[in-house]
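Have a look at start_32.txt below; it lists compact mmCIF, C-alpha atoms.
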# COMPACT_ATOMS: atom_id res chain seq x y z
CA MET A 298 75.88 132.41 93.27
CA SER A 299 74.90 128.93 94.53
CA THR A 300 73.70 128.52 98.08
CA ALA A 301 74.97 125.54 100.08
CA VAL A 302 72.15 123.45 101.50
CA VAL A 303 71.81 120.47 103.81
CA PRO A 304 69.07 117.82 104.02
CA GLY A 305 65.84 119.23 105.47
CA MET A 306 66.58 122.85 104.52
CA ARG A 307 63.60 124.71 103.05
CA LEU A 308 64.23 125.80 99.43
CA GLY A 309 60.95 127.54 98.69
CA SER A 310 57.21 127.01 98.31
CA ILE A 311 55.45 124.86 95.74
CA SER A 312 53.70 127.98 94.45
CA GLU A 313 57.03 129.27 93.10
CA TYR A 314 59.03 126.06 92.44
CA ALA A 315 58.53 122.55 91.11
CA SER A 316 60.50 119.86 92.96
CA GLY A 317 63.59 118.63 91.10
CA GLU A 318 66.44 116.20 91.74
CA GLY A 319 67.69 116.11 95.34
CA THR A 320 64.50 117.65 96.75
CA TYR A 321 61.13 116.62 98.18
CA VAL A 322 57.79 118.29 98.89
CA SER A 323 56.27 118.39 102.35
CA GLY A 324 53.08 120.36 102.85
CA ASN A 325 53.38 123.49 100.69
CA ASP A 326 57.20 123.67 100.73
CA VAL A 327 60.13 122.15 98.83
CA PHE A 328 63.03 120.84 100.94
CA ALA A 329 66.54 119.56 100.19
CA SER A 330 66.95 115.79 100.55
CA VAL A 331 70.75 115.77 100.04
CA ALA A 332 73.65 118.08 100.86
CA GLY A 333 74.87 120.20 97.97
CA PHE A 334 74.11 123.48 96.23
CA LYS A 335 70.69 124.95 95.42
CA HIS A 336 70.12 125.27 91.69
CA VAL A 337 67.10 126.89 90.02
CA THR A 338 66.27 126.09 86.39
CA GLU A 339 64.06 128.73 84.82
CA PRO A 340 61.30 127.40 82.53
CA GLU A 341 61.75 127.91 78.82
CA GLN A 342 59.40 130.39 77.26
CA ILE A 343 56.49 128.62 75.64
CA ALA A 344 55.84 129.96 72.20
CA THR A 345 52.21 129.63 71.26
CA GLU A 346 50.20 131.00 68.40
CA SER A 347 47.27 131.55 70.72
CA THR A 348 46.74 134.96 72.21
CA LYS A 349 45.14 133.51 75.35
CA PRO A 350 47.25 133.96 78.45
CA GLN A 351 48.58 130.64 79.75
CA ALA A 352 49.69 129.65 83.20
CA ARG A 353 53.40 130.27 83.45
CA PRO A 354 55.34 127.05 84.17
CA LYS A 355 57.20 126.99 87.47
CA ALA A 356 60.95 127.12 87.85
CA ILE A 357 62.49 123.81 88.96
CA VAL A 358 64.55 123.82 92.14
CA SER A 359 67.11 121.05 92.59
CA VAL A 360 70.17 120.27 94.68
CA GLU A 361 73.40 119.59 92.81
CA ARG A 362 76.00 117.55 94.62
CA PRO A 363 79.64 118.55 94.20
CA GLN A 364 81.58 116.30 91.85
CA GLN A 365 83.69 113.85 93.78
CA LYS A 366 86.70 112.24 92.18
CA PRO A 367 86.58 108.47 92.35
CA ASN A 368 89.00 107.17 94.93
CA ILE A 369 91.68 105.27 93.02
CA VAL A 370 93.34 102.47 94.96
CA PRO A 371 95.98 99.96 93.78
CA ALA A 372 94.43 96.53 93.21
CA MET A 373 95.76 93.07 92.42
CA ASN A 374 97.46 92.93 88.98
CA SER A 375 97.38 96.73 88.64
CA VAL A 376 100.32 98.30 86.85
CA VAL A 377 101.72 101.12 88.98
CA LEU A 378 104.42 103.77 88.77
CA ALA A 379 106.36 104.16 92.01
CA GLN A 380 109.35 106.10 93.28
CA ILE A 381 111.97 104.14 95.20
CA THR A 382 112.44 105.64 98.66
CA LYS A 383 114.75 103.15 100.40
CA VAL A 384 116.85 100.15 99.38
CA THR A 385 117.95 97.39 101.77
CA PRO A 386 119.67 94.05 100.95
CA ARG A 387 116.30 92.25 100.80
CA PHE A 388 113.76 94.96 99.94
CA ALA A 389 113.19 98.12 97.93
CA HIS A 390 110.56 100.40 99.45
CA ALA A 391 108.60 102.74 97.19
CA SER A 392 105.92 105.38 97.19
CA ILE A 393 103.18 104.54 94.64
CA LEU A 394 102.49 107.56 92.41
CA CYS A 395 100.03 106.29 89.76
CA VAL A 396 97.76 103.34 89.06
CA GLY A 397 97.81 102.90 85.29
CA ASP A 398 97.78 106.47 84.00
CA LYS A 399 95.77 107.89 86.91
CA PRO A 400 97.63 109.78 89.67
CA LEU A 401 96.73 108.92 93.25
CA SER A 402 95.23 111.48 95.61
CA GLU A 403 96.42 109.57 98.68
CA GLN A 404 99.83 108.14 99.47
CA TYR A 405 100.35 104.39 99.25
CA THR A 406 103.58 102.51 99.82
CA GLY A 407 104.89 99.45 98.07
CA THR A 408 107.63 96.92 98.73
CA ILE A 409 109.61 94.95 96.16
CA LYS A 410 111.17 91.79 97.62
CA SER A 411 114.48 90.57 96.21
CA THR A 412 112.68 87.41 95.01
CA ASP A 413 110.23 89.55 92.97
CA VAL A 414 112.79 91.65 91.06
CA ARG A 415 113.29 89.30 88.13
CA ALA A 416 111.96 85.95 86.96
CA ALA A 417 115.31 84.09 86.79
CA GLN A 418 118.21 83.83 89.26
CA THR A 419 116.14 85.27 92.08
CA ASP A 420 118.59 84.04 94.72
CA SER A 421 121.49 86.12 93.32
CA VAL A 422 119.70 89.48 93.16
CA GLU A 423 121.62 92.41 94.66
CA MET A 424 118.99 95.05 95.40
CA TYR A 425 121.39 98.00 95.20
CA LYS A 426 122.33 96.93 91.65
CA CYS A 427 118.64 96.96 90.68
CA PHE A 428 117.23 100.11 92.28
CA ARG A 429 118.44 103.32 93.91
CA PRO A 430 116.44 105.88 95.91
CA GLY A 431 114.76 108.35 93.55
CA ASP A 432 114.34 105.87 90.67
CA ILE A 433 110.89 105.68 89.06
CA VAL A 434 109.79 102.09 88.40
CA ARG A 435 106.91 100.45 86.58
CA ALA A 436 105.70 97.45 88.59
CA GLU A 437 102.75 95.13 89.06
CA VAL A 438 100.81 94.74 92.31
CA ILE A 439 101.13 91.05 93.20
CA SER A 440 99.67 91.16 96.70
CA LEU A 441 97.78 93.57 98.88
CA GLY A 442 100.52 92.97 101.45
CA ASP A 443 100.12 94.03 105.02
CA ALA A 444 98.68 97.14 106.63
CA ARG A 445 101.78 99.16 105.73
CA SER A 446 102.37 98.44 102.04
CA TYR A 447 101.48 96.62 98.84
CA TYR A 448 103.83 93.96 97.44
CA LEU A 449 105.11 94.83 93.97
CA SER A 450 106.91 92.83 91.30
CA THR A 451 109.25 93.83 88.47
CA ALA A 452 109.80 90.22 87.33
CA LYS A 453 108.38 90.71 83.82
CA ASN A 454 110.53 92.31 81.13
CA GLU A 455 108.28 95.38 80.77
CA TYR A 456 108.64 96.19 84.48
CA GLY A 457 111.58 97.87 86.17
CA VAL A 458 113.30 101.25 86.23
CA ILE A 459 111.92 103.69 83.65
CA PHE A 460 113.59 106.86 84.95
CA ALA A 461 116.82 107.30 86.90
CA LYS A 462 119.37 110.02 87.50
CA SER A 463 123.10 109.45 87.66
CA VAL A 464 125.27 110.55 90.59
CA SER A 465 125.94 113.76 88.62
CA GLY A 466 122.17 114.47 88.48
CA VAL A 467 121.66 113.77 84.76
CA THR A 468 118.82 111.59 83.45
CA MET A 469 120.32 108.27 82.41
CA VAL A 470 119.70 106.31 79.23
CA PRO A 471 119.08 102.54 79.27
CA ILE A 472 121.70 100.58 77.31
CA SER A 473 120.77 97.00 78.31
CA TRP A 474 118.37 95.13 80.59
CA ASN A 475 120.64 95.74 83.59
CA LEU A 476 122.63 98.90 82.74
CA MET A 477 121.92 102.59 82.35
CA GLN A 478 124.43 105.20 81.24
CA CYS A 479 124.89 108.87 82.06
CA PRO A 480 125.06 110.73 78.71
CA LYS A 481 127.25 113.44 80.28
CA THR A 482 129.92 111.43 82.11
CA LYS A 483 129.47 108.10 80.22
CA ILE A 484 129.51 106.29 83.58
CA LYS A 485 127.40 103.11 83.59
CA GLU A 486 125.24 102.15 86.57
CA PHE A 487 123.42 98.91 87.29
CA ARG A 488 119.61 98.92 87.29
CA LYS A 489 116.78 96.44 86.60
CA VAL A 490 115.69 98.29 83.45
CA ALA A 491 112.12 98.09 82.12
CA LYS A 492 111.82 97.07 78.49
CA THR A 493 110.36 99.96 76.51
CA MET A 494 106.83 99.35 75.27

As structure tokens, what does this structure read like?
Amino acid sequence: MSTAVVPGMRLGSISEYASGEGTYVSGNDVFASVAGFKHVTEPEQIATESTKPQARPKAIVSVERPQQKPNIVPAMNSVVLAQITKVTPRFAHASILCVGDKPLSEQYTGTIKSTDVRAAQTDSVEMYKCFRPGDIVRAEVISLGDARSYYLSTAKNEYGVIFAKSVSGVTMVPISWNLMQCPKTKIKEFRKVAKTM
């Protein structure tokens, strides 16, 4: 079982251990220089043809730091997957779930402005015909936005809704760039559909 250690904690004497990674020697003792877990590596047996007794090599004591996952944060031009949480006449608000194919450990919010939904006819966009709460969209981060959210865009053909459920709760199938259909009821609903890649 590994023992948790903090910097400055005595790990043993130099007569029993050699200093390894994350440690230092002061006087006749080995101390931890970083926080982590004490790890002792036993020396490999030295095979010699000589019959003379040799000095046994010392075990190496080191401190292993726990693996930390890199903190993934949306950045400019990142492709993200987000779930729409709220739709207003001018904005669609979303919770960002992934950056590329990496899930986020923290929650980030994004906003899609009506002018960033599609490349053409931006003044005639009706947000409720493009997104509904619960839809999963693929979008691009176009601005770091304000303190509350990132600004997202679905203006390119490959961006838009990739997963949506109909009012009857069935996963819909895209049938054009702006329509999805419920396979159960055959009812069509408007969405800004992402082109499949």

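For the choices A:Ala379, A:Ala332, A:Val360, A:Leu441, the atom-to-atom distance to Thr320 (chain A) is smallest for A:Val360 when using all atoms listed in the file.
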
- CA of Lys426 (chain A) to CA of Lys481 (chain A) measures 20.6 Å

- Message: Can you measure CA of Tyr405 (chain A) to CA of Ala417 (chain A) for me? One decimal in Å is fine.
- Response: 28.1 Å

- Query: So how far away is CA of Arg429 (chain A) from CA of Ala452 (chain A), in Å?
  - Reply: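 CA of Arg429 (chain A) lies at a distance of 17.0 Å from CA of Ala452 (chain A).
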
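Across A:Gln478, A:Gln418, A:Ser411, A:Gln380, the tightest approach to Val464 (chain A) is made by A:Gln478 when counting all atoms listed in the file.
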
Nearby residues (all atoms listed in the file) at most 8 Å from region 388-395 of chain A, same-chain spacing under 4 positions excluded, as a PDB file with C-alpha atoms, keeping the file's coordinate frame:
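The result, stored in selection36.pdb:
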ATOM      1  CA  VAL A 377     101.720 101.120  88.980  1.00  0.00           C
ATOM      2  CA  LEU A 378     104.420 103.770  88.770  1.00  0.00           C
ATOM      3  CA  ALA A 379     106.360 104.160  92.010  1.00  0.00           C
ATOM      4  CA  GLN A 380     109.350 106.100  93.280  1.00  0.00           C
ATOM      5  CA  ILE A 381     111.970 104.140  95.200  1.00  0.00           C
ATOM      6  CA  THR A 382     112.440 105.640  98.660  1.00  0.00           C
ATOM      7  CA  LYS A 383     114.750 103.150 100.400  1.00  0.00           C
ATOM      8  CA  VAL A 384     116.850 100.150  99.380  1.00  0.00           C
ATOM      9  CA  LYS A 399      95.770 107.890  86.910  1.00  0.00           C
ATOM     10  CA  PRO A 400      97.630 109.780  89.670  1.00  0.00           C
ATOM     11  CA  LEU A 401      96.730 108.920  93.250  1.00  0.00           C
ATOM     12  CA  GLN A 404      99.830 108.140  99.470  1.00  0.00           C
ATOM     13  CA  TYR A 405     100.350 104.390  99.250  1.00  0.00           C
ATOM     14  CA  THR A 406     103.580 102.510  99.820  1.00  0.00           C
ATOM     15  CA  GLY A 407     104.890  99.450  98.070  1.00  0.00           C
ATOM     16  CA  THR A 408     107.630  96.920  98.730  1.00  0.00           C
ATOM     17  CA  ILE A 409     109.610  94.950  96.160  1.00  0.00           C
ATOM     18  CA  LYS A 410     111.170  91.790  97.620  1.00  0.00           C
ATOM     19  CA  SER A 411     114.480  90.570  96.210  1.00  0.00           C
ATOM     20  CA  MET A 424     118.990  95.050  95.400  1.00  0.00           C
ATOM     21  CA  PHE A 428     117.230 100.110  92.280  1.00  0.00           C
TER      22      PHE A 428
END

- Message: Env of Pro480 (chain A): 8 Å cut, atoms = all atoms listed in the file, seq-sep filter 5 positions within chain, self excluded. Answer as a list in words.
- Response: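 Skipping anything fewer than 5 positions along the chain leaves Val467, Thr468, Met469 and Val470 of chain A.
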
Residues within 8 Å of (105.0, 93.7, 94.7), file coordinates, counting all atoms listed in the file: what are they? Give the list as a PDB file with C-alpha atoms, keeping the file's coordinate frame.
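The result, written out as point-v4.pdb:
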ATOM      1  CA  GLY A 407     104.890  99.450  98.070  1.00  0.00           C
ATOM      2  CA  THR A 408     107.630  96.920  98.730  1.00  0.00           C
ATOM      3  CA  ILE A 409     109.610  94.950  96.160  1.00  0.00           C
ATOM      4  CA  LYS A 410     111.170  91.790  97.620  1.00  0.00           C
ATOM      5  CA  ASP A 413     110.230  89.550  92.970  1.00  0.00           C
ATOM      6  CA  ALA A 436     105.700  97.450  88.590  1.00  0.00           C
ATOM      7  CA  GLU A 437     102.750  95.130  89.060  1.00  0.00           C
ATOM      8  CA  VAL A 438     100.810  94.740  92.310  1.00  0.00           C
ATOM      9  CA  ILE A 439     101.130  91.050  93.200  1.00  0.00           C
ATOM     10  CA  SER A 440      99.670  91.160  96.700  1.00  0.00           C
ATOM     11  CA  TYR A 447     101.480  96.620  98.840  1.00  0.00           C
ATOM     12  CA  TYR A 448     103.830  93.960  97.440  1.00  0.00           C
ATOM     13  CA  LEU A 449     105.110  94.830  93.970  1.00  0.00           C
ATOM     14  CA  SER A 450     106.910  92.830  91.300  1.00  0.00           C
ATOM     15  CA  THR A 451     109.250  93.830  88.470  1.00  0.00           C
TER      16      THR A 451
END

- Which residue of A:Val331, A:Ile459, A:Ile357, A:Cys427 approaches Glu486 (chain A) most closely, using all atoms listed in the file: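 Smallest distance to Glu486 (chain A) is found for A:Cys427.
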
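Using only C-alpha atoms, the smallest distance between any of A:Met373, A:Pro340, A:Val303, A:Val358 and Asp326 (chain A) comes from A:Val358.
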
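Ranking A:Ala329, A:Ser421, A:Ser359, A:Ala301 by their shortest atom-to-atom distance to Tyr314 (chain A), with only C-alpha atoms included, puts A:Ser359 first.
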